[in-house]
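Enquirer: My questions all concern the structure below.
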Amino acid sequence: MGDSTPDDRMYERIDSLHDRLRLKFLLNLNRHVLTAGLALGLFSAIVGMSSLGDVSLRGMMGSNGLVQSTFQTMLLSITTAVTLVVTISQLVLAQELGPLGDQRERMDGELSFREDVEELLGTASPPEPNTFLRVLIDLSSDKAERLRDSVASTDNNELREEVQQFSDNLVTNAELVNEQLRDVQFGNFAIMQASLDYNYSWHMYELRRIRQEHADALTDEQREVLDELNAVLQLFAPAREHIKSLHFEADLVNLSRQILYIGLPALAIAAGMGFFADTGMVPGATLGIDNVTWVVSGAFTITALPLLLLAAYIFRLTTLAKRTLSIGPSILHPSENAGETDWE
């Protein structure tokens, strides 16, 4: 069985340039910038199609009232979008409103997890999410170095070389992620990006493989270090998932608030255009394009902003959920260059 060392960053572990760019676009781009880009694209498309076609928006407004009916339909769409987001947020945040017994269970679960971490640390675990992850990653790095030192004098060259390669890869990966997590506050997507860069699934797999392949050559001390490192990696997995859940909740709260902020002006504009727009509004043309086209396109884009903002957030939430479906040593994305393994 042979294997290769994976790259440190998540994007570098993806072979396709197209997939790397798409993932960066979906995950890292600021949600407001993405919403503005979608809005600009929608506005440009409406203006372009109106300018290229034989039927003008001014004519459609007067002959059959299609423009007015479209804005009246947008009233329903905006209301539906606002209701949908608020409903989703309520479902996700339902645990925050649970009875006392449920809240006590949540508290006991987190305290129990932190006690497991502190048993390995030998000190109290930090309260900040980014620092908490850094402590776990630092601990895994220390255990990996200790594992490397424990096999340094062994006569088994294959074991020594494999542990050396594994340890160097984990330590390098840990240093990179720790630097990314430095001074990152919760709510910033950078904390999730850094946790995705820590390739703990591959480290867990390699550790288990080394233990199975060299079971007869390992001493009791080496097995103990292997077990301690494996325990740290197993703690990192639920810690990342817990922080991801908190990030999801915070994003949905932000989305709900922002949808309400832009939903009310969008409703007003949709109602105004649906009830009062006529062919006599804004006569003339600008840059060779009928002013009605500019006004209608801009008004429609503003009324679509709640839907565009919802799409921008859902893009990231669903992409992040897909990238973190597995917990443990399973690697679900064949496009990632996470090391190649040939099974006999």
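We name chains A, B, ... following the order of the structure tokens; residues begin at 1 in each chain, and ligands are numbered from 1 as shown.
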Using only C-alpha atoms, which protein or nucleic acid residues come within 10 Å of Ile78 (chain A)? Drop anything in the same chain fewer than 4 positions from it, and give the result as an NGL selection string.
Expert: :A and (73-74 or 82-84 or 259 or 262-264 or 266-267 or 270 or 303-307)
Enquirer: Generate the output file for the selected residues, all heavy atoms, as a CSV table (one decimal), in the first residue's frame.
Expert:
chain,number,residue,atom,x,y,z
A,73,THR,N,-46.7,41.0,-8.7
A,73,THR,CA,-46.3,39.6,-8.4
A,73,THR,C,-45.1,39.6,-7.5
A,73,THR,O,-44.9,38.8,-6.6
A,73,THR,CB,-45.9,38.8,-9.7
A,73,THR,OG1,-47.1,38.9,-10.5
A,73,THR,CG2,-45.6,37.4,-9.4
A,74,MET,N,-44.2,40.6,-7.7
A,74,MET,CA,-43.0,40.7,-6.8
A,74,MET,C,-43.3,41.0,-5.4
A,74,MET,O,-42.6,40.6,-4.5
A,74,MET,CB,-42.0,41.8,-7.4
A,74,MET,CG,-41.3,41.4,-8.6
A,74,MET,SD,-40.2,40.0,-8.4
A,74,MET,CE,-39.0,40.6,-7.3
A,82,VAL,N,-39.3,36.8,2.7
A,82,VAL,CA,-39.1,37.2,4.1
A,82,VAL,C,-39.7,36.1,5.1
A,82,VAL,O,-39.0,35.8,6.1
A,82,VAL,CB,-39.8,38.5,4.4
A,82,VAL,CG1,-39.8,38.9,5.8
A,82,VAL,CG2,-39.1,39.6,3.6
A,83,THR,N,-40.9,35.6,4.8
A,83,THR,CA,-41.5,34.6,5.6
A,83,THR,C,-40.6,33.3,5.7
A,83,THR,O,-40.5,32.7,6.7
A,83,THR,CB,-42.9,34.2,5.1
A,83,THR,OG1,-43.7,35.4,5.0
A,83,THR,CG2,-43.6,33.2,6.0
A,84,LEU,N,-40.1,32.9,4.5
A,84,LEU,CA,-39.3,31.7,4.4
A,84,LEU,C,-38.0,31.8,5.3
A,84,LEU,O,-37.7,30.9,6.1
A,84,LEU,CB,-38.9,31.4,3.0
A,84,LEU,CG,-37.9,30.3,2.7
A,84,LEU,CD1,-38.6,29.0,3.2
A,84,LEU,CD2,-37.5,30.2,1.3
A,259,ILE,N,-32.6,40.8,5.6
A,259,ILE,CA,-33.7,40.6,4.7
A,259,ILE,C,-34.8,41.6,5.1
A,259,ILE,O,-35.5,42.2,4.3
A,259,ILE,CB,-34.2,39.1,4.8
A,259,ILE,CG1,-33.3,38.2,4.0
A,259,ILE,CG2,-35.7,39.0,4.2
A,259,ILE,CD1,-33.4,38.3,2.5
A,262,ILE,N,-33.9,45.3,4.0
A,262,ILE,CA,-34.1,45.6,2.6
A,262,ILE,C,-35.4,45.2,2.1
A,262,ILE,O,-35.9,45.6,1.0
A,262,ILE,CB,-33.0,44.9,1.7
A,262,ILE,CG1,-33.1,43.4,1.8
A,262,ILE,CG2,-31.6,45.4,2.1
A,262,ILE,CD1,-32.1,42.7,0.8
A,263,GLY,N,-36.1,44.3,2.8
A,263,GLY,CA,-37.4,43.9,2.4
A,263,GLY,C,-38.5,45.0,2.4
A,263,GLY,O,-39.3,45.1,1.5
A,264,LEU,N,-38.4,45.8,3.4
A,264,LEU,CA,-39.4,46.9,3.5
A,264,LEU,C,-39.3,47.9,2.4
A,264,LEU,O,-40.3,48.3,1.8
A,264,LEU,CB,-39.3,47.6,4.9
A,264,LEU,CG,-39.6,46.7,6.1
A,264,LEU,CD1,-39.4,47.4,7.4
A,264,LEU,CD2,-41.1,46.1,6.0
A,266,ALA,N,-38.0,47.3,-0.5
A,266,ALA,CA,-38.3,46.6,-1.7
A,266,ALA,C,-39.9,46.5,-1.9
A,266,ALA,O,-40.4,46.6,-3.0
A,266,ALA,CB,-37.7,45.2,-1.7
A,267,LEU,N,-40.5,46.3,-0.8
A,267,LEU,CA,-42.0,46.2,-0.8
A,267,LEU,C,-42.6,47.5,-1.2
A,267,LEU,O,-43.5,47.6,-2.0
A,267,LEU,CB,-42.6,45.8,0.6
A,267,LEU,CG,-42.6,44.3,0.9
A,267,LEU,CD1,-43.0,44.2,2.4
A,267,LEU,CD2,-43.6,43.6,0.0
A,270,ALA,N,-41.9,48.0,-5.0
A,270,ALA,CA,-42.8,47.1,-5.8
A,270,ALA,C,-44.2,47.6,-5.8
A,270,ALA,O,-44.9,47.5,-6.8
A,270,ALA,CB,-42.7,45.7,-5.2
A,303,THR,N,-36.3,45.4,-6.0
A,303,THR,CA,-37.3,44.5,-5.4
A,303,THR,C,-36.8,43.1,-5.3
A,303,THR,O,-37.3,42.3,-4.5
A,303,THR,CB,-38.6,44.5,-6.2
A,303,THR,OG1,-38.3,44.1,-7.6
A,303,THR,CG2,-39.2,45.9,-6.3
A,304,ALA,N,-35.8,42.7,-6.2
A,304,ALA,CA,-35.3,41.4,-6.1
A,304,ALA,C,-34.2,41.2,-5.1
A,304,ALA,O,-33.7,40.1,-4.9
A,304,ALA,CB,-34.8,41.0,-7.6
A,305,LEU,N,-33.7,42.3,-4.5
A,305,LEU,CA,-32.6,42.2,-3.6
A,305,LEU,C,-32.8,41.2,-2.4
A,305,LEU,O,-31.8,40.5,-2.1
A,305,LEU,CB,-32.3,43.6,-3.0
A,305,LEU,CG,-31.5,44.6,-3.9
A,305,LEU,CD1,-31.3,45.9,-3.2
A,305,LEU,CD2,-30.1,44.0,-4.2
A,306,PRO,N,-34.0,41.1,-1.8
A,306,PRO,CA,-34.1,40.1,-0.8
A,306,PRO,C,-33.9,38.7,-1.3
A,306,PRO,O,-33.2,37.9,-0.6
A,306,PRO,CB,-35.6,40.2,-0.3
A,306,PRO,CG,-35.9,41.7,-0.6
A,306,PRO,CD,-35.2,42.0,-1.9
A,307,LEU,N,-34.3,38.4,-2.5
A,307,LEU,CA,-34.1,37.0,-3.1
A,307,LEU,C,-32.6,36.8,-3.4
A,307,LEU,O,-32.0,35.8,-3.2
A,307,LEU,CB,-34.9,36.9,-4.3
A,307,LEU,CG,-36.4,36.9,-4.2
A,307,LEU,CD1,-37.1,36.9,-5.5
A,307,LEU,CD2,-36.9,35.8,-3.3
Enquirer: Using only C-alpha atoms, which protein or nucleic acid residues come within 8 Å of region 35-45 of chain A? Drop anything in the same chain fewer than 2 positions from it, and give the result as a PyMOL selection string.
Expert: chain A and resi 31-33+47-49+297-298+300-302+304-305+308-309+312
Enquirer: Those selected residues, please, written with N, CA, C and O atoms and delivered as a PDB file, in the first residue's frame.
Expert:
ATOM      1  N   ARG A  31     -20.560  38.430   1.348  1.00  0.00           N
ATOM      2  CA  ARG A  31     -21.948  38.204   0.924  1.00  0.00           C
ATOM      3  C   ARG A  31     -22.574  39.458   0.330  1.00  0.00           C
ATOM      4  O   ARG A  31     -23.385  39.361  -0.605  1.00  0.00           O
ATOM      5  N   HIS A  32     -22.220  40.622   0.824  1.00  0.00           N
ATOM      6  CA  HIS A  32     -22.773  41.857   0.278  1.00  0.00           C
ATOM      7  C   HIS A  32     -22.202  42.138  -1.113  1.00  0.00           C
ATOM      8  O   HIS A  32     -22.922  42.612  -1.994  1.00  0.00           O
ATOM      9  N   VAL A  33     -20.924  41.836  -1.297  1.00  0.00           N
ATOM     10  CA  VAL A  33     -20.311  42.005  -2.619  1.00  0.00           C
ATOM     11  C   VAL A  33     -20.952  41.045  -3.615  1.00  0.00           C
ATOM     12  O   VAL A  33     -21.248  41.413  -4.761  1.00  0.00           O
ATOM     13  N   VAL A  47     -31.767  45.601 -18.816  1.00  0.00           N
ATOM     14  CA  VAL A  47     -31.507  46.730 -19.712  1.00  0.00           C
ATOM     15  C   VAL A  47     -31.088  46.230 -21.088  1.00  0.00           C
ATOM     16  O   VAL A  47     -31.551  46.730 -22.120  1.00  0.00           O
ATOM     17  N   GLY A  48     -30.213  45.227 -21.124  1.00  0.00           N
ATOM     18  CA  GLY A  48     -29.742  44.705 -22.397  1.00  0.00           C
ATOM     19  C   GLY A  48     -30.852  44.087 -23.219  1.00  0.00           C
ATOM     20  O   GLY A  48     -30.977  44.355 -24.427  1.00  0.00           O
ATOM     21  N   MET A  49     -31.677  43.263 -22.589  1.00  0.00           N
ATOM     22  CA  MET A  49     -32.768  42.622 -23.330  1.00  0.00           C
ATOM     23  C   MET A  49     -33.795  43.642 -23.806  1.00  0.00           C
ATOM     24  O   MET A  49     -34.352  43.520 -24.899  1.00  0.00           O
ATOM     25  N   SER A 297     -35.887  48.816 -14.762  1.00  0.00           N
ATOM     26  CA  SER A 297     -34.825  47.844 -14.484  1.00  0.00           C
ATOM     27  C   SER A 297     -34.263  48.044 -13.078  1.00  0.00           C
ATOM     28  O   SER A 297     -34.036  47.078 -12.341  1.00  0.00           O
ATOM     29  N   GLY A 298     -34.038  49.316 -12.705  1.00  0.00           N
ATOM     30  CA  GLY A 298     -33.532  49.584 -11.368  1.00  0.00           C
ATOM     31  C   GLY A 298     -34.527  49.216 -10.283  1.00  0.00           C
ATOM     32  O   GLY A 298     -34.159  48.620  -9.255  1.00  0.00           O
ATOM     33  N   PHE A 300     -36.943  46.989 -10.476  1.00  0.00           N
ATOM     34  CA  PHE A 300     -37.082  45.534 -10.391  1.00  0.00           C
ATOM     35  C   PHE A 300     -35.883  44.922  -9.665  1.00  0.00           C
ATOM     36  O   PHE A 300     -36.030  43.981  -8.872  1.00  0.00           O
ATOM     37  N   THR A 301     -34.689  45.444  -9.917  1.00  0.00           N
ATOM     38  CA  THR A 301     -33.487  44.932  -9.249  1.00  0.00           C
ATOM     39  C   THR A 301     -33.574  45.149  -7.741  1.00  0.00           C
ATOM     40  O   THR A 301     -33.225  44.267  -6.954  1.00  0.00           O
ATOM     41  N   ILE A 302     -34.071  46.321  -7.338  1.00  0.00           N
ATOM     42  CA  ILE A 302     -34.203  46.597  -5.904  1.00  0.00           C
ATOM     43  C   ILE A 302     -35.222  45.658  -5.272  1.00  0.00           C
ATOM     44  O   ILE A 302     -35.004  45.133  -4.175  1.00  0.00           O
ATOM     45  N   ALA A 304     -35.845  42.729  -6.157  1.00  0.00           N
ATOM     46  CA  ALA A 304     -35.282  41.370  -6.146  1.00  0.00           C
ATOM     47  C   ALA A 304     -34.161  41.202  -5.138  1.00  0.00           C
ATOM     48  O   ALA A 304     -33.679  40.081  -4.927  1.00  0.00           O
ATOM     49  N   LEU A 305     -33.726  42.296  -4.487  1.00  0.00           N
ATOM     50  CA  LEU A 305     -32.597  42.224  -3.563  1.00  0.00           C
ATOM     51  C   LEU A 305     -32.799  41.208  -2.430  1.00  0.00           C
ATOM     52  O   LEU A 305     -31.846  40.487  -2.084  1.00  0.00           O
ATOM     53  N   LEU A 308     -31.949  37.899  -3.897  1.00  0.00           N
ATOM     54  CA  LEU A 308     -30.533  37.806  -4.241  1.00  0.00           C
ATOM     55  C   LEU A 308     -29.678  37.639  -2.983  1.00  0.00           C
ATOM     56  O   LEU A 308     -28.712  36.869  -2.980  1.00  0.00           O
ATOM     57  N   LEU A 309     -30.017  38.364  -1.925  1.00  0.00           N
ATOM     58  CA  LEU A 309     -29.290  38.225  -0.660  1.00  0.00           C
ATOM     59  C   LEU A 309     -29.476  36.821  -0.087  1.00  0.00           C
ATOM     60  O   LEU A 309     -28.520  36.212   0.410  1.00  0.00           O
ATOM     61  N   ALA A 312     -27.260  34.499  -1.990  1.00  0.00           N
ATOM     62  CA  ALA A 312     -25.843  34.659  -1.641  1.00  0.00           C
ATOM     63  C   ALA A 312     -25.502  33.902  -0.364  1.00  0.00           C
ATOM     64  O   ALA A 312     -24.456  33.246  -0.274  1.00  0.00           O
TER      65      ALA A 312
END
Enquirer: If you run DSSP on the backbone here, which positions in region 242-291 of chain A get alpha helix (DSSP H)? Please write them as a PyMOL selection string.
Expert: chain A and resi 242-276+291
Enquirer: Save the residues we just selected, C-alpha atoms, as an mmCIF file, in the first residue's frame?
Expert:
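As written to disk, result-v3.cif reads:
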data_model
loop_
_atom_site.group_PDB
_atom_site.id
_atom_site.type_symbol
_atom_site.label_atom_id
_atom_site.label_comp_id
_atom_site.auth_asym_id
_atom_site.auth_seq_id
_atom_site.Cartn_x
_atom_site.Cartn_y
_atom_site.Cartn_z
ATOM 1 C CA HIS A 242 -19.817 22.707 16.950
ATOM 2 C CA ILE A 243 -18.238 25.953 15.750
ATOM 3 C CA LYS A 244 -19.710 25.346 12.295
ATOM 4 C CA SER A 245 -23.172 25.024 13.852
ATOM 5 C CA LEU A 246 -22.688 28.286 15.718
ATOM 6 C CA HIS A 247 -21.515 29.925 12.489
ATOM 7 C CA PHE A 248 -24.645 28.678 10.704
ATOM 8 C CA GLU A 249 -26.860 30.112 13.431
ATOM 9 C CA ALA A 250 -25.074 33.470 13.375
ATOM 10 C CA ASP A 251 -25.314 33.653 9.567
ATOM 11 C CA LEU A 252 -29.032 32.924 9.644
ATOM 12 C CA VAL A 253 -29.604 35.591 12.289
ATOM 13 C CA ASN A 254 -27.691 38.115 10.158
ATOM 14 C CA LEU A 255 -29.602 37.037 7.062
ATOM 15 C CA SER A 256 -32.981 37.437 8.783
ATOM 16 C CA ARG A 257 -32.125 40.921 9.997
ATOM 17 C CA GLN A 258 -30.767 42.056 6.630
ATOM 18 C CA ILE A 259 -33.728 40.586 4.734
ATOM 19 C CA LEU A 260 -36.043 42.662 6.915
ATOM 20 C CA TYR A 261 -33.914 45.781 6.366
ATOM 21 C CA ILE A 262 -34.056 45.583 2.569
ATOM 22 C CA GLY A 263 -37.439 43.855 2.375
ATOM 23 C CA LEU A 264 -39.421 46.889 3.543
ATOM 24 C CA PRO A 265 -37.982 49.330 0.931
ATOM 25 C CA ALA A 266 -38.347 46.615 -1.705
ATOM 26 C CA LEU A 267 -42.014 46.203 -0.792
ATOM 27 C CA ALA A 268 -42.564 49.961 -1.053
ATOM 28 C CA ILE A 269 -40.939 50.176 -4.483
ATOM 29 C CA ALA A 270 -42.790 47.104 -5.772
ATOM 30 C CA ALA A 271 -46.098 48.546 -4.548
ATOM 31 C CA GLY A 272 -45.375 51.964 -6.073
ATOM 32 C CA MET A 273 -44.410 50.543 -9.454
ATOM 33 C CA GLY A 274 -47.301 48.092 -9.435
ATOM 34 C CA PHE A 275 -49.983 50.623 -8.534
ATOM 35 C CA PHE A 276 -48.843 53.965 -9.938
ATOM 36 C CA ASN A 291 -35.532 56.416 -19.279
#
Enquirer: Would you kindly return, as a PyMOL selection string, each protein, DNA or RNA residue with an atom no farther than 9 Å from any atom of Leu320 (chain A), considering only C-alpha atoms and excluding same-chain residues fewer than 2 positions away?
Expert: chain A and resi 26-27+192+244+315-318+322-325
Enquirer: Could the residues in this selection be written to a file with N, CA and C atoms, as a PDB file, in the first residue's frame?
Expert:
ATOM      1  N   LEU A  26     -17.847  30.874  -3.932  1.00  0.00           N
ATOM      2  CA  LEU A  26     -19.003  30.528  -3.109  1.00  0.00           C
ATOM      3  C   LEU A  26     -18.741  30.728  -1.620  1.00  0.00           C
ATOM      4  N   LEU A  27     -17.500  30.495  -1.174  1.00  0.00           N
ATOM      5  CA  LEU A  27     -17.210  30.510   0.256  1.00  0.00           C
ATOM      6  C   LEU A  27     -16.631  31.833   0.750  1.00  0.00           C
ATOM      7  N   MET A 192     -13.765  29.494   9.809  1.00  0.00           N
ATOM      8  CA  MET A 192     -14.198  28.247   9.171  1.00  0.00           C
ATOM      9  C   MET A 192     -13.242  27.858   8.052  1.00  0.00           C
ATOM     10  N   LYS A 244     -18.981  25.199  13.551  1.00  0.00           N
ATOM     11  CA  LYS A 244     -19.710  25.346  12.295  1.00  0.00           C
ATOM     12  C   LYS A 244     -21.200  25.570  12.562  1.00  0.00           C
ATOM     13  N   PHE A 315     -25.801  30.007  -0.921  1.00  0.00           N
ATOM     14  CA  PHE A 315     -24.637  29.491  -1.658  1.00  0.00           C
ATOM     15  C   PHE A 315     -23.554  29.045  -0.686  1.00  0.00           C
ATOM     16  N   ARG A 316     -23.242  29.912   0.289  1.00  0.00           N
ATOM     17  CA  ARG A 316     -22.143  29.596   1.210  1.00  0.00           C
ATOM     18  C   ARG A 316     -22.542  28.518   2.215  1.00  0.00           C
ATOM     19  N   LEU A 317     -23.732  28.625   2.769  1.00  0.00           N
ATOM     20  CA  LEU A 317     -24.151  27.661   3.780  1.00  0.00           C
ATOM     21  C   LEU A 317     -24.219  26.246   3.218  1.00  0.00           C
ATOM     22  N   THR A 318     -24.779  26.100   2.023  1.00  0.00           N
ATOM     23  CA  THR A 318     -24.889  24.760   1.440  1.00  0.00           C
ATOM     24  C   THR A 318     -23.525  24.238   0.997  1.00  0.00           C
ATOM     25  N   LYS A 322     -21.722  20.913   2.469  1.00  0.00           N
ATOM     26  CA  LYS A 322     -21.272  19.827   1.603  1.00  0.00           C
ATOM     27  C   LYS A 322     -19.812  19.478   1.855  1.00  0.00           C
ATOM     28  N   ARG A 323     -18.983  20.504   2.147  1.00  0.00           N
ATOM     29  CA  ARG A 323     -17.561  20.250   2.380  1.00  0.00           C
ATOM     30  C   ARG A 323     -17.312  19.569   3.725  1.00  0.00           C
ATOM     31  N   THR A 324     -18.302  19.591   4.617  1.00  0.00           N
ATOM     32  CA  THR A 324     -18.101  19.042   5.965  1.00  0.00           C
ATOM     33  C   THR A 324     -19.131  17.956   6.282  1.00  0.00           C
ATOM     34  N   LEU A 325     -19.575  17.229   5.259  1.00  0.00           N
ATOM     35  CA  LEU A 325     -20.553  16.163   5.484  1.00  0.00           C
ATOM     36  C   LEU A 325     -19.989  15.059   6.374  1.00  0.00           C
TER      37      LEU A 325
END
Enquirer: For each of A:Asp197, A:Glu105, A:Glu115, A:Asp142, take the minimum atom-to-atom distance to Asn173 (chain A), counting only C-alpha atoms, then give the residue where this is smallest.
Expert: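 Smallest distance to Asn173 (chain A) is found for A:Asp197.
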Enquirer: Which of region 115-325 of chain A end up as strand (DSSP E or B) when DSSP is run on this backbone - answer as a list in words?
Expert: Ala285, Thr286, Ile289 and Asp290 of chain A
Enquirer: Let me see the file: selected residues, N, CA and C atoms, as a PDB file, in the first residue's frame.
Expert:
ATOM      1  N   ALA A 285     -34.778  60.008 -22.975  1.00  0.00           N
ATOM      2  CA  ALA A 285     -33.830  58.890 -23.004  1.00  0.00           C
ATOM      3  C   ALA A 285     -32.479  59.348 -22.469  1.00  0.00           C
ATOM      4  N   THR A 286     -31.697  58.402 -21.981  1.00  0.00           N
ATOM      5  CA  THR A 286     -30.335  58.642 -21.494  1.00  0.00           C
ATOM      6  C   THR A 286     -29.413  57.593 -22.099  1.00  0.00           C
ATOM      7  N   ILE A 289     -31.001  55.118 -24.387  1.00  0.00           N
ATOM      8  CA  ILE A 289     -31.934  54.126 -23.832  1.00  0.00           C
ATOM      9  C   ILE A 289     -33.062  54.867 -23.142  1.00  0.00           C
ATOM     10  N   ASP A 290     -34.287  54.435 -23.408  1.00  0.00           N
ATOM     11  CA  ASP A 290     -35.472  55.054 -22.816  1.00  0.00           C
ATOM     12  C   ASP A 290     -35.331  55.103 -21.296  1.00  0.00           C
TER      13      ASP A 290
END
Enquirer: Could you tell me which of A:His18, A:Arg13, A:Lys143, A:Arg114 comes closest to Arg223 (chain A) if we count only C-alpha atoms?
Expert: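 Between A:His18, A:Arg13, A:Lys143, A:Arg114, the residue approaching Arg223 (chain A) most closely is A:Lys143.
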Enquirer: So what do you get for CA of Arg148 (chain A) versus CA of Val171 (chain A), distance-wise?
Expert: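 Result for CA of Arg148 (chain A) versus CA of Val171 (chain A): 10.8 Å, one decimal.
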